[in-house]
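The structure appears below as structure tokens.
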Amino acid sequence: MNTGKTILVVGSIAIDTLETPLGNRTNLLGGSASYFSISAGLVAPVKIVGVVGEDYPEENRQVFLSREINIENVRVSKGKTFRWGAKYSHDYSTRDTIFTELGVFESFSPEINNCDCYSPLVFLGNIQPDIQLCVADMMISPEYLVSDTMNLWIDLYPKRLENVIKKSDIFLINHEEAAQFSGVSDIASAAKLFLDMGPSVVVIKMGAEGSYLAQNNSAIFIPVYPIKKLLDPTGAGDSFAGGFMGYLSKTSSPNFSEAVIAGSAMASFCVEGFGVEALLSATPERLKHRIKIIETLVSKRTII
Ligand code: AMP
């Protein structure tokens with residue numbers, strides 16, 4: 001049983017279909033809450049809030065239980081589990097969504113056991129912003145409310161997303177989505193815009209190029225762990241968030257550069273296999289080793 005502060009996560013629990021230059025897969029265990037909890041669950045106690053349909057495979061449920069992830073707040077509703085399909089370009093530089101079938105998420109209204117509303121760490125994973133806001137409103141004085149999103153929600157509900165960002169202490173987003181939402185491609189300017197909305201920490205992720213961590217009077221670039229072979233980048237952002245919050249779970253006075261390094265190390269496992277397979281082979285020792293390697297690569301630059 002992992003010790004540390006409990007992390008409550010809301011996000012998608014999905015069945016994914018993926019086409020990559022190195023292979024195709026159907027019916028993979030996917031979803032933002034899944035990647036996040038399997039990652040964070042390596043080091044911290046995690047509780048998922050979400051919904052699945054009656055078609056959700058029992059073996060996927062067992063994967064969560066094998067990581068001691070609490071799924072008491074995951075409802076099983078009449079209907080189909082959220083399904084998502086995507087295809088990567090020949091060099092993995094772009095990804096097209098082939099289908100998004102919301103299924104039971106269309107009418108999902110989160111329910112959280114009373115005591116879980118006191119969870120000190122909350123991750124609002126990628127899902128419809130109204131669901132993120134609903135969970136944010138149910139939580140009682142969390143230490144850190146952290147959020148993430150994706151292009152679909154930026155396109156459909158930018159105002160509601162802005163409300164999510166305003167409520168967040170920490171906002172994580174990838175570079176393309178940061179540019180799409182803020183209208184500026186310069187990373188420092190985009191980060192400043194998000195900081196001005198309310199969060200005190202903003203992390204803009206740039207895939208293999210690393211991450212940009214911005215706080216009110218400082219910023220730093222953090223490189224990635226040099227993986228041997230990229231197989232499937234799906235879920236890297238959620239795994240990053242899992243490593244980031246796994247670190248927060250273990251400390252009372254966080255150094256956010258260390259949180260980003262832990263996030264980066266966790267994401268490096270994710271992309272080495274299809275779906276969650278490589279994440280499931282990660283161990284706390286292997287994670288520590290990758291954290292050490294990134295630490296040696298960090299060239300500290302402070303931009304005021
Ligand atoms: P990422 O690669 O970090 O964008 O995360 C990919 C995961 O997000 C996949 O496992 C999908 O099932 C899930 N996903 C894709 N589209 C959505 C969406 N619109 N809302 C919530 N989750 C999604």
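Lettering and numbering for the structure tokens are positional, with chains as A, B, ... in the shown order, residues counted from 1 in each chain, and ligands counted from 1 in the shown order.
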
Could I get the residue neighbourhood of ligand 1 at 8 Å, counting only C-alpha atoms and all ligand atoms, as number ranges by chain?
A: 11-16, 29-32, 34-35, 82-85, 97, 100, 102, 125-128, 149-153, 233-239, 275

Which polymer residues have any atom within 9 Å of an atom of range 213-225 of chain A, counting only C-alpha atoms, with same-chain residues fewer than 4 positions away left out, as a ChimeraX atom specification?
/A:188,191-192,195-196,199-205,207-209,256-257,260-261,264-265,267-268,290-291,293-295,297-304

Prev. selection, N, CA and C atoms, output as a compact mmCIF listing (two decimals), in the first residue's frame:
```txt
# COMPACT_ATOMS: atom_id res chain seq x y z
N ALA A 188 6.79 31.51 -23.50
CA ALA A 188 6.85 32.32 -22.28
C ALA A 188 5.62 33.22 -22.18
N ALA A 191 2.59 31.12 -21.26
CA ALA A 191 2.62 30.75 -19.83
C ALA A 191 2.19 31.94 -18.97
N LYS A 192 2.64 33.13 -19.34
CA LYS A 192 2.31 34.34 -18.57
C LYS A 192 0.78 34.57 -18.60
N LEU A 195 -0.75 32.20 -16.19
CA LEU A 195 -0.48 32.59 -14.79
C LEU A 195 -1.40 33.75 -14.40
N ASP A 196 -1.63 34.67 -15.33
CA ASP A 196 -2.49 35.83 -15.04
C ASP A 196 -3.94 35.43 -14.78
N PRO A 199 -3.62 30.39 -11.79
CA PRO A 199 -2.70 29.37 -11.25
C PRO A 199 -1.35 29.98 -10.86
N SER A 200 -0.72 29.42 -9.83
CA SER A 200 0.60 29.94 -9.46
C SER A 200 1.72 29.15 -10.13
N VAL A 201 1.35 28.03 -10.75
CA VAL A 201 2.35 27.22 -11.47
C VAL A 201 1.73 26.80 -12.81
N VAL A 202 2.48 26.99 -13.89
CA VAL A 202 2.02 26.56 -15.22
C VAL A 202 3.13 25.72 -15.85
N VAL A 203 2.76 24.57 -16.38
CA VAL A 203 3.76 23.74 -17.08
C VAL A 203 3.28 23.56 -18.52
N ILE A 204 4.12 23.98 -19.46
CA ILE A 204 3.81 23.77 -20.88
C ILE A 204 4.73 22.66 -21.39
N LYS A 205 4.08 21.57 -21.85
CA LYS A 205 4.85 20.38 -22.27
C LYS A 205 5.11 20.43 -23.77
N GLY A 207 6.55 17.76 -25.68
CA GLY A 207 6.90 16.43 -26.16
C GLY A 207 8.37 16.13 -25.92
N ALA A 208 9.04 15.65 -26.97
CA ALA A 208 10.44 15.24 -26.84
C ALA A 208 11.38 16.42 -26.55
N GLU A 209 10.84 17.65 -26.70
CA GLU A 209 11.67 18.84 -26.46
C GLU A 209 11.74 19.21 -24.98
N PHE A 256 8.94 22.66 -7.51
CA PHE A 256 8.20 22.25 -8.71
C PHE A 256 9.10 21.76 -9.84
N SER A 257 10.38 22.14 -9.81
CA SER A 257 11.29 21.57 -10.82
C SER A 257 11.38 20.07 -10.60
N VAL A 260 8.34 18.39 -11.97
CA VAL A 260 8.38 18.26 -13.44
C VAL A 260 9.32 17.13 -13.84
N ILE A 261 10.45 17.02 -13.15
CA ILE A 261 11.40 15.94 -13.47
C ILE A 261 10.73 14.58 -13.22
N SER A 264 8.30 13.97 -16.04
CA SER A 264 9.00 13.64 -17.27
C SER A 264 9.50 12.18 -17.23
N ALA A 265 10.01 11.78 -16.09
CA ALA A 265 10.51 10.41 -15.95
C ALA A 265 9.36 9.42 -16.11
N ALA A 267 6.52 9.88 -17.76
CA ALA A 267 6.04 9.89 -19.15
C ALA A 267 6.97 9.08 -20.05
N SER A 268 8.26 9.02 -19.69
CA SER A 268 9.21 8.28 -20.54
C SER A 268 8.88 6.79 -20.59
N ARG A 290 15.54 7.00 -13.54
CA ARG A 290 15.31 7.96 -14.64
C ARG A 290 15.28 9.39 -14.10
N ILE A 291 14.76 9.56 -12.90
CA ILE A 291 14.75 10.90 -12.29
C ILE A 291 16.19 11.40 -12.14
N ILE A 293 18.78 10.57 -13.86
CA ILE A 293 19.38 10.89 -15.18
C ILE A 293 18.89 12.26 -15.65
N ILE A 294 17.60 12.54 -15.50
CA ILE A 294 17.10 13.86 -15.95
C ILE A 294 17.74 14.96 -15.11
N GLU A 295 17.88 14.70 -13.81
CA GLU A 295 18.49 15.73 -12.94
C GLU A 295 19.87 16.13 -13.46
N LEU A 297 20.73 16.16 -16.47
CA LEU A 297 20.59 16.86 -17.75
C LEU A 297 20.06 18.30 -17.59
N VAL A 298 19.53 18.55 -16.41
CA VAL A 298 18.87 19.85 -16.22
C VAL A 298 19.90 20.98 -16.27
N SER A 299 19.66 21.89 -17.21
CA SER A 299 20.51 23.08 -17.20
C SER A 299 19.62 24.20 -16.70
N LYS A 300 19.93 24.69 -15.52
CA LYS A 300 19.00 25.65 -14.90
C LYS A 300 19.15 27.03 -15.52
N ARG A 301 18.02 27.51 -16.02
CA ARG A 301 17.97 28.85 -16.59
C ARG A 301 16.83 29.58 -15.92
N THR A 302 17.05 30.73 -15.34
CA THR A 302 15.97 31.46 -14.71
C THR A 302 15.67 32.70 -15.52
N ILE A 303 14.41 32.78 -15.95
CA ILE A 303 14.02 33.93 -16.77
C ILE A 303 13.02 34.76 -15.94
N ILE A 304 13.34 35.98 -15.70
CA ILE A 304 12.44 36.82 -14.90
C ILE A 304 11.45 37.50 -15.84
```

Could you pull out all residues of range 76-299 of chain A with a DSSP call of strand (DSSP E) and give them as an MDAnalysis selection string?
chainID A and resid 76:77 82:88 95:101 121:124 144:147 170:174 201:205 211:215 218:222

Next, dump the selected residues to file, keeping only C-alpha atoms, as a CSV table (one decimal), in the first residue's frame.
```csv
chain,number,residue,atom,x,y,z
A,76,VAL,CA,-21.0,1.6,-14.0
A,77,SER,CA,-23.8,3.1,-16.1
A,82,PHE,CA,-16.2,6.1,-23.8
A,83,ARG,CA,-14.3,5.1,-26.9
A,84,TRP,CA,-11.6,7.0,-28.8
A,85,GLY,CA,-9.6,6.2,-31.9
A,86,ALA,CA,-6.6,8.1,-33.3
A,87,LYS,CA,-3.9,7.8,-36.0
A,88,TYR,CA,-0.4,9.1,-35.8
A,95,ARG,CA,-2.1,12.9,-34.4
A,96,ASP,CA,-5.6,12.8,-35.9
A,97,THR,CA,-8.6,11.8,-33.9
A,98,ILE,CA,-10.6,9.3,-36.0
A,99,PHE,CA,-13.5,9.0,-33.6
A,100,THR,CA,-14.7,10.1,-30.2
A,101,GLU,CA,-17.7,8.3,-28.8
A,121,LEU,CA,-4.5,16.6,-4.0
A,122,VAL,CA,-7.0,16.8,-6.9
A,123,PHE,CA,-6.3,16.2,-10.6
A,124,LEU,CA,-8.9,17.4,-13.1
A,144,TYR,CA,-3.4,21.6,-4.8
A,145,LEU,CA,-6.0,21.5,-7.6
A,146,VAL,CA,-4.2,20.6,-10.8
A,147,SER,CA,-5.8,20.6,-14.3
A,170,ILE,CA,-1.5,24.4,-11.2
A,171,PHE,CA,-2.2,24.1,-14.9
A,172,LEU,CA,-0.6,21.6,-17.3
A,173,ILE,CA,-1.0,21.9,-21.0
A,174,ASN,CA,0.9,20.9,-24.1
A,201,VAL,CA,2.3,27.2,-11.5
A,202,VAL,CA,2.0,26.6,-15.2
A,203,VAL,CA,3.8,23.7,-17.1
A,204,ILE,CA,3.8,23.8,-20.9
A,205,LYS,CA,4.9,20.4,-22.3
A,211,SER,CA,8.8,21.1,-20.5
A,212,TYR,CA,8.7,24.7,-19.6
A,213,LEU,CA,7.9,25.4,-15.9
A,214,ALA,CA,6.6,28.9,-15.2
A,215,GLN,CA,5.9,30.4,-11.8
A,218,SER,CA,10.7,32.4,-12.5
A,219,ALA,CA,10.8,30.0,-15.4
A,220,ILE,CA,12.9,27.0,-16.2
A,221,PHE,CA,13.2,24.5,-19.0
A,222,ILE,CA,13.4,20.8,-18.1
```

Counting only C-alpha atoms, which of A:Ser185, A:Thr6, A:Thr17, A:Ser39 gets nearest to Leu287 in chain A?
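The answer is A:Ser39, which sits nearest to Leu287 in chain A.
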
Which residue is closest to Ala178 in chain A? Choose from A:Glu277, A:Ile154, A:Asn163, A:Glu72 and count only C-alpha atoms.
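Among A:Glu277, A:Ile154, A:Asn163, A:Glu72, it is A:Ile154 that comes nearest to Ala178 in chain A.
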
Would you pick out the contacts of Ser66 in chain A at 12 Å or less, using only C-alpha atoms, so that residues sharing its chain but fewer than 2 positions from it are not included, and give the list as a VMD selection string?
chain A and resid 1 37 to 38 41 to 42 59 to 64 68 to 71 280
